[in-house]
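Undergrad: Below is query.cif; it holds mmCIF, C-alpha atoms.
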```cif
data_final
#
loop_
_atom_site.label_atom_id
_atom_site.label_comp_id
_atom_site.auth_asym_id
_atom_site.auth_seq_id
_atom_site.Cartn_x
_atom_site.Cartn_y
_atom_site.Cartn_z
CA ALA A 1 127.52 221.42 141.73
CA GLN A 2 127.52 224.91 143.10
CA LYS A 3 128.20 227.89 140.87
CA VAL A 4 128.78 231.59 141.40
CA THR A 5 128.22 234.21 138.72
CA GLN A 6 129.54 237.73 138.85
CA ALA A 7 128.23 239.23 135.65
CA GLN A 8 130.05 242.54 136.01
CA THR A 9 133.58 242.08 134.80
CA GLU A 10 134.69 245.64 135.40
CA ILE A 11 133.13 248.69 137.03
CA SER A 12 134.54 252.19 137.09
CA VAL A 13 133.20 254.93 139.35
CA VAL A 14 134.30 258.32 140.56
CA GLU A 15 135.22 258.74 144.20
CA LYS A 16 132.25 259.22 146.55
CA GLU A 17 129.84 257.43 144.25
CA ASP A 18 127.97 254.40 145.57
CA VAL A 19 128.55 251.13 143.75
CA THR A 20 126.89 247.71 143.91
CA LEU A 21 128.64 244.50 142.94
CA ASP A 22 126.30 241.70 141.93
CA CYS A 23 126.61 238.04 142.86
CA VAL A 24 124.21 235.29 141.82
CA TYR A 25 124.70 231.74 143.01
CA GLU A 26 123.39 228.25 142.29
CA THR A 27 123.27 225.40 144.76
CA ARG A 28 121.13 222.36 145.48
CA ASP A 29 122.04 222.38 149.14
CA THR A 30 119.65 223.96 151.61
CA THR A 31 122.52 224.93 153.90
CA TYR A 32 125.36 226.88 152.41
CA TYR A 33 127.71 229.75 153.07
CA LEU A 34 128.41 232.83 151.01
CA PHE A 35 131.53 234.96 151.17
CA TRP A 36 132.99 238.13 149.74
CA TYR A 37 136.73 238.60 149.37
CA LYS A 38 138.73 241.61 148.20
CA GLN A 39 141.91 241.19 146.15
CA PRO A 40 143.90 244.43 145.99
CA PRO A 41 146.78 244.86 143.53
CA SER A 42 149.14 243.24 146.06
CA GLY A 43 147.36 239.96 145.30
CA GLU A 44 146.35 238.73 148.74
CA LEU A 45 142.69 237.80 149.13
CA VAL A 46 141.17 239.62 152.08
CA PHE A 47 138.09 238.18 153.76
CA LEU A 48 135.22 240.67 154.01
CA ILE A 49 132.11 238.80 155.10
CA ARG A 50 130.47 235.40 155.51
CA ARG A 51 126.71 234.86 155.37
CA ASN A 52 124.95 231.60 156.28
CA SER A 53 121.97 230.49 154.22
CA PHE A 54 119.69 230.41 157.24
CA ASP A 55 120.42 234.03 158.10
CA GLU A 56 118.91 236.45 155.62
CA GLN A 57 119.58 239.55 157.64
CA ASN A 58 121.38 242.17 155.69
CA GLU A 59 124.57 243.51 157.16
CA ILE A 60 126.27 246.85 157.27
CA SER A 61 129.87 247.46 158.20
CA GLY A 62 130.94 251.04 157.83
CA ARG A 63 130.70 251.92 154.14
CA TYR A 64 130.09 248.29 153.19
CA SER A 65 126.69 246.61 153.11
CA TRP A 66 125.48 243.27 151.87
CA ASN A 67 122.02 242.31 150.60
CA PHE A 68 121.28 238.58 150.77
CA GLN A 69 118.09 237.45 149.00
CA LYS A 70 117.42 233.73 148.85
CA SER A 71 114.39 234.26 146.61
CA THR A 72 116.64 235.52 143.82
CA SER A 73 119.78 233.60 144.87
CA SER A 74 121.71 236.81 145.13
CA PHE A 75 124.25 238.20 147.56
CA ASN A 76 125.06 241.72 146.44
CA PHE A 77 127.70 243.99 147.90
CA THR A 78 127.37 247.77 148.06
CA ILE A 79 130.11 250.25 148.80
CA THR A 80 128.82 253.65 149.84
CA ALA A 81 130.85 256.78 149.16
CA SER A 82 133.57 254.84 147.38
CA GLN A 83 137.22 255.72 147.87
CA VAL A 84 140.29 255.19 145.72
CA VAL A 85 141.51 252.57 148.21
CA ASP A 86 138.45 250.47 147.36
CA SER A 87 139.96 249.77 143.94
CA ALA A 88 140.46 246.01 143.77
CA VAL A 89 139.00 242.83 142.38
CA TYR A 90 136.10 241.56 144.48
CA PHE A 91 135.16 237.91 144.58
CA CYS A 92 131.96 236.28 145.72
CA ALA A 93 132.25 232.65 146.83
CA LEU A 94 130.00 229.80 147.93
CA SER A 95 130.54 226.61 149.90
CA GLU A 96 127.92 223.98 150.61
CA ALA A 97 127.47 222.54 154.07
CA TRP A 98 127.91 218.93 152.95
CA ASN A 99 131.33 219.77 151.52
CA ASN A 100 132.36 223.03 153.09
CA ASN A 101 135.97 222.58 152.03
CA ASP A 102 135.13 223.13 148.38
CA MET A 103 134.74 226.89 148.04
CA ARG A 104 133.65 228.00 144.59
CA PHE A 105 134.55 231.49 143.51
CA GLY A 106 133.02 233.73 140.90
CA ALA A 107 135.22 235.24 138.21
CA GLY A 108 135.44 238.50 140.13
CA THR A 109 134.54 242.12 139.48
CA ARG A 110 137.34 244.61 139.00
CA LEU A 111 136.37 247.89 140.65
CA THR A 112 138.24 251.05 139.76
CA VAL A 113 137.55 254.15 141.81
CA LYS A 114 138.87 257.28 140.18
CA PRO A 115 139.73 260.40 142.17
CA ASP B 1 153.09 238.50 161.20
CA THR B 2 150.68 235.75 162.14
CA GLY B 3 148.93 235.38 158.79
CA VAL B 4 149.38 232.77 156.08
CA SER B 5 152.76 233.03 154.39
CA GLN B 6 153.95 231.61 151.10
CA ASP B 7 157.37 231.21 149.60
CA PRO B 8 158.57 232.13 147.07
CA ARG B 9 156.37 235.02 145.98
CA HIS B 10 157.50 234.69 142.38
CA LYS B 11 159.01 231.82 140.44
CA ILE B 12 160.15 231.80 136.84
CA THR B 13 161.11 228.46 135.41
CA LYS B 14 161.69 226.78 132.09
CA ARG B 15 159.29 224.24 130.69
CA GLY B 16 160.08 220.77 131.93
CA GLN B 17 161.62 221.85 135.23
CA ASN B 18 160.25 220.91 138.62
CA VAL B 19 159.15 223.58 141.11
CA THR B 20 158.14 223.46 144.75
CA PHE B 21 156.17 226.01 146.72
CA ARG B 22 155.78 226.30 150.47
CA CYS B 23 152.85 227.47 152.57
CA ASP B 24 152.87 228.21 156.29
CA PRO B 25 149.31 228.47 157.60
CA ILE B 26 148.06 230.34 160.63
CA SER B 27 149.46 228.28 163.48
CA GLU B 28 146.24 227.16 165.14
CA HIS B 29 144.51 226.26 161.85
CA ASN B 30 144.31 222.56 161.13
CA ARG B 31 142.84 222.90 157.63
CA LEU B 32 144.97 223.96 154.69
CA TYR B 33 143.95 224.55 151.08
CA TRP B 34 145.70 225.09 147.77
CA TYR B 35 144.12 227.03 144.93
CA ARG B 36 145.18 228.07 141.47
CA GLN B 37 144.21 231.43 140.02
CA THR B 38 144.68 232.36 136.38
CA LEU B 39 144.36 235.85 134.96
CA GLY B 40 140.83 237.19 135.08
CA GLN B 41 139.46 234.25 137.01
CA GLY B 42 138.63 233.44 140.59
CA PRO B 43 140.68 230.94 142.58
CA GLU B 44 140.07 227.28 141.72
CA PHE B 45 140.29 224.63 144.41
CA LEU B 46 143.17 222.16 144.03
CA THR B 47 143.46 220.21 147.26
CA TYR B 48 142.77 220.25 150.98
CA PHE B 49 144.45 218.93 154.11
CA GLN B 50 143.08 218.32 157.55
CA ASN B 51 146.14 218.14 159.74
CA GLU B 52 148.55 215.93 157.77
CA ALA B 53 145.88 214.05 155.85
CA GLN B 54 145.13 215.05 152.27
CA LEU B 55 141.38 214.55 152.19
CA GLU B 56 140.35 215.93 148.85
CA LYS B 57 141.89 216.56 145.44
CA SER B 58 140.37 218.38 142.51
CA ARG B 59 140.41 216.88 139.05
CA LEU B 60 142.54 219.93 138.20
CA LEU B 61 145.37 218.33 140.16
CA SER B 62 147.05 216.24 137.48
CA ASP B 63 149.59 213.51 138.15
CA ARG B 64 152.37 216.08 137.80
CA PHE B 65 151.14 217.85 140.92
CA SER B 66 151.76 216.60 144.42
CA ALA B 67 151.08 218.21 147.76
CA GLU B 68 152.22 217.26 151.22
CA ARG B 69 151.74 218.41 154.76
CA PRO B 70 154.03 216.03 156.62
CA LYS B 71 153.63 217.28 160.18
CA GLY B 72 150.30 218.96 159.91
CA SER B 73 151.89 222.39 159.87
CA PHE B 74 153.46 223.77 156.68
CA SER B 75 152.61 222.35 153.27
CA THR B 76 154.45 222.02 149.97
CA LEU B 77 153.06 221.90 146.46
CA GLU B 78 155.33 220.41 143.82
CA ILE B 79 154.81 220.58 140.09
CA GLN B 80 156.89 218.20 138.02
CA ARG B 81 157.77 218.69 134.36
CA THR B 82 156.16 222.12 134.29
CA GLU B 83 154.18 223.19 131.24
CA GLN B 84 153.33 226.68 130.05
CA GLY B 85 149.73 226.06 131.05
CA ASP B 86 150.87 225.80 134.66
CA SER B 87 151.60 229.53 134.70
CA ALA B 88 149.28 230.96 137.33
CA MET B 89 149.09 232.30 140.85
CA TYR B 90 149.10 229.51 143.43
CA LEU B 91 147.27 230.48 146.58
CA CYS B 92 147.30 228.82 149.96
CA ALA B 93 144.60 229.29 152.57
CA SER B 94 143.95 227.99 156.05
CA ARG B 95 141.09 227.88 158.48
CA SER B 96 140.16 226.58 161.86
CA GLY B 97 138.24 223.31 161.94
CA VAL B 98 136.29 224.30 165.02
CA SER B 99 133.24 225.53 163.16
CA SER B 100 131.81 224.13 159.96
CA TYR B 101 131.68 227.44 158.17
CA ASN B 102 134.77 229.32 159.23
CA GLU B 103 136.13 231.53 156.52
CA GLN B 104 139.44 230.75 154.87
CA PHE B 105 142.40 233.10 155.24
CA PHE B 106 144.64 233.44 152.24
CA GLY B 107 148.34 233.95 151.80
CA PRO B 108 149.88 236.35 149.28
CA GLY B 109 150.32 233.65 146.67
CA THR B 110 153.20 232.37 144.54
CA ARG B 111 153.15 233.60 140.97
CA LEU B 112 154.57 230.96 138.64
CA THR B 113 155.72 231.79 135.14
CA VAL B 114 156.74 228.89 132.91
CA LEU B 115 158.77 229.96 129.88
#
```
As structure tokens, how would this structure be written, given the file I've shared?

TA:
Amino acid sequence: AQKVTQAQTEISVVEKEDVTLDCVYETRDTTYYLFWYKQPPSGELVFLIRRNSFDEQNEISGRYSWNFQKSTSSFNFTITASQVVDSAVYFCALSEAWNNNDMRFGAGTRLTVKP
Amino acid sequence: DTGVSQDPRHKITKRGQNVTFRCDPISEHNRLYWYRQTLGQGPEFLTYFQNEAQLEKSRLLSDRFSAERPKGSFSTLEIQRTEQGDSAMYLCASRSGVSSYNEQFFGPGTRLTVL
């Protein structure tokens, strides 16, 4: 079965620092989908990005960037010039193509950005 | 607001009581999911509906749990004879079935506290 590991339980940075959140996944499927979600204190999970296993292009969206490396089964998330509003819990998730309704989440990384 | 909505947002109940939660998905989404999230963990899949059909249930969904989506629109999750271990955030998500890898959109959750 698929598994997602987010080894960093909590990270604290000072505003304007760059920060990388790690995500390592396990799957036997050759086709799968990776996701990042943000959960602010309000509790609602906010979708950030989806990456398909056949597309290893890295992506940048404003201050956010994602580094997908199949060779190391990692899908890391970097926030550049962090802001206080980035404080949240971030979840990495994986679903396999054969059962794409079963999305497995990591335990999350709590990011605190201090002013 | 055209996002996923859940009601109530908070529920406090005594052990042994029954509780029911409601989820209204994004209107054009035919797939609906329930998750449970405990403190410090990522969401865990409970069950999934495609239209009104409940197609998958996690082993986490004990006999005391039942979910319905009678008309393929809103869904309810009922917990009978609640136990303290049922205390958690219950999240609902929906997605379009058009593509195989569409991301799920989450509601704000119902936080259940069993005393």

Undergrad: Skip B:Lys71 itself and residues of its chain fewer than 3 positions away, then list as a PyMOL selection string all residues within 8 Å of it, counting only C-alpha atoms.

TA: chain B and resi 51-52+74

Undergrad: For chain B, work out the contacting residues on chain A at 10 Å, counting all atoms listed in the file, and write them as number ranges by chain.

TA: A: 9, 32-37, 39, 42-52, 89-93, 95-110

Undergrad: Just to confirm, what's the straight-line distance from atom CA of A:Gln83 to atom CA of A:Val4 in Å (one decimal)?

TA: 26.4 Å

Undergrad: Please indicate the distance in Å from atom CA of B:Gln6 to atom CA of B:Ser75, rounded to one decimal place.

TA: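 A separation of 9.6 Å between them.
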
Undergrad: Pull out every residue that the PyMOL selection byres ((chain B and resi 81) around 9) matches in the shown coordinates and put them as a compact mmCIF listing (two decimals) with C-alpha atoms, in the coordinates of the input.

TA:
```
# COMPACT_ATOMS: atom_id res chain seq x y z
CA ARG B 15 159.29 224.24 130.69
CA GLY B 16 160.08 220.77 131.93
CA GLN B 17 161.62 221.85 135.23
CA ASN B 18 160.25 220.91 138.62
CA VAL B 19 159.15 223.58 141.11
CA ARG B 64 152.37 216.08 137.80
CA ILE B 79 154.81 220.58 140.09
CA GLN B 80 156.89 218.20 138.02
CA THR B 82 156.16 222.12 134.29
CA GLU B 83 154.18 223.19 131.24
```

Undergrad: Give as a PyMOL selection string the residues that the PyMOL selection byres ((chain A and resi 27) around 10) matches when applied to the coordinates above.

TA: chain A and resi 1-4+25-26+28-32+73+94-96

Undergrad: Do you know which residues the PyMOL selection byres ((chain A and resi 18) around 7) returns on this file, as a list in words?

TA: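 Listing what the PyMOL selection byres ((chain A and resi 18) around 7) selects in the shown file: Lys16, Glu17, Val19, Thr20, Ile79, Thr80, Ala81 and Ser82 of chain A.
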
Undergrad: One decimal, Å: what's the distance from atom CA of B:Ser5 over to atom CA of A:Tyr64, could you say?

TA: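 Distance reported for this atom pair: 27.4 Å.
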
Undergrad: Got a sec: who's within 7 Å of B:Ile26, counting only C-alpha atoms, leaving out chain neighbours fewer than 6 positions off, as a PyMOL selection string?

TA: chain B and resi 2-4+94

Undergrad: So that I can check the surroundings of B:Thr13, please list as a ChimeraX atom specification every protein, DNA and RNA residue that reaches within 7 Å of it, counting only C-alpha atoms and ignoring chain neighbours fewer than 3 positions away.

TA: /B:17,113-115
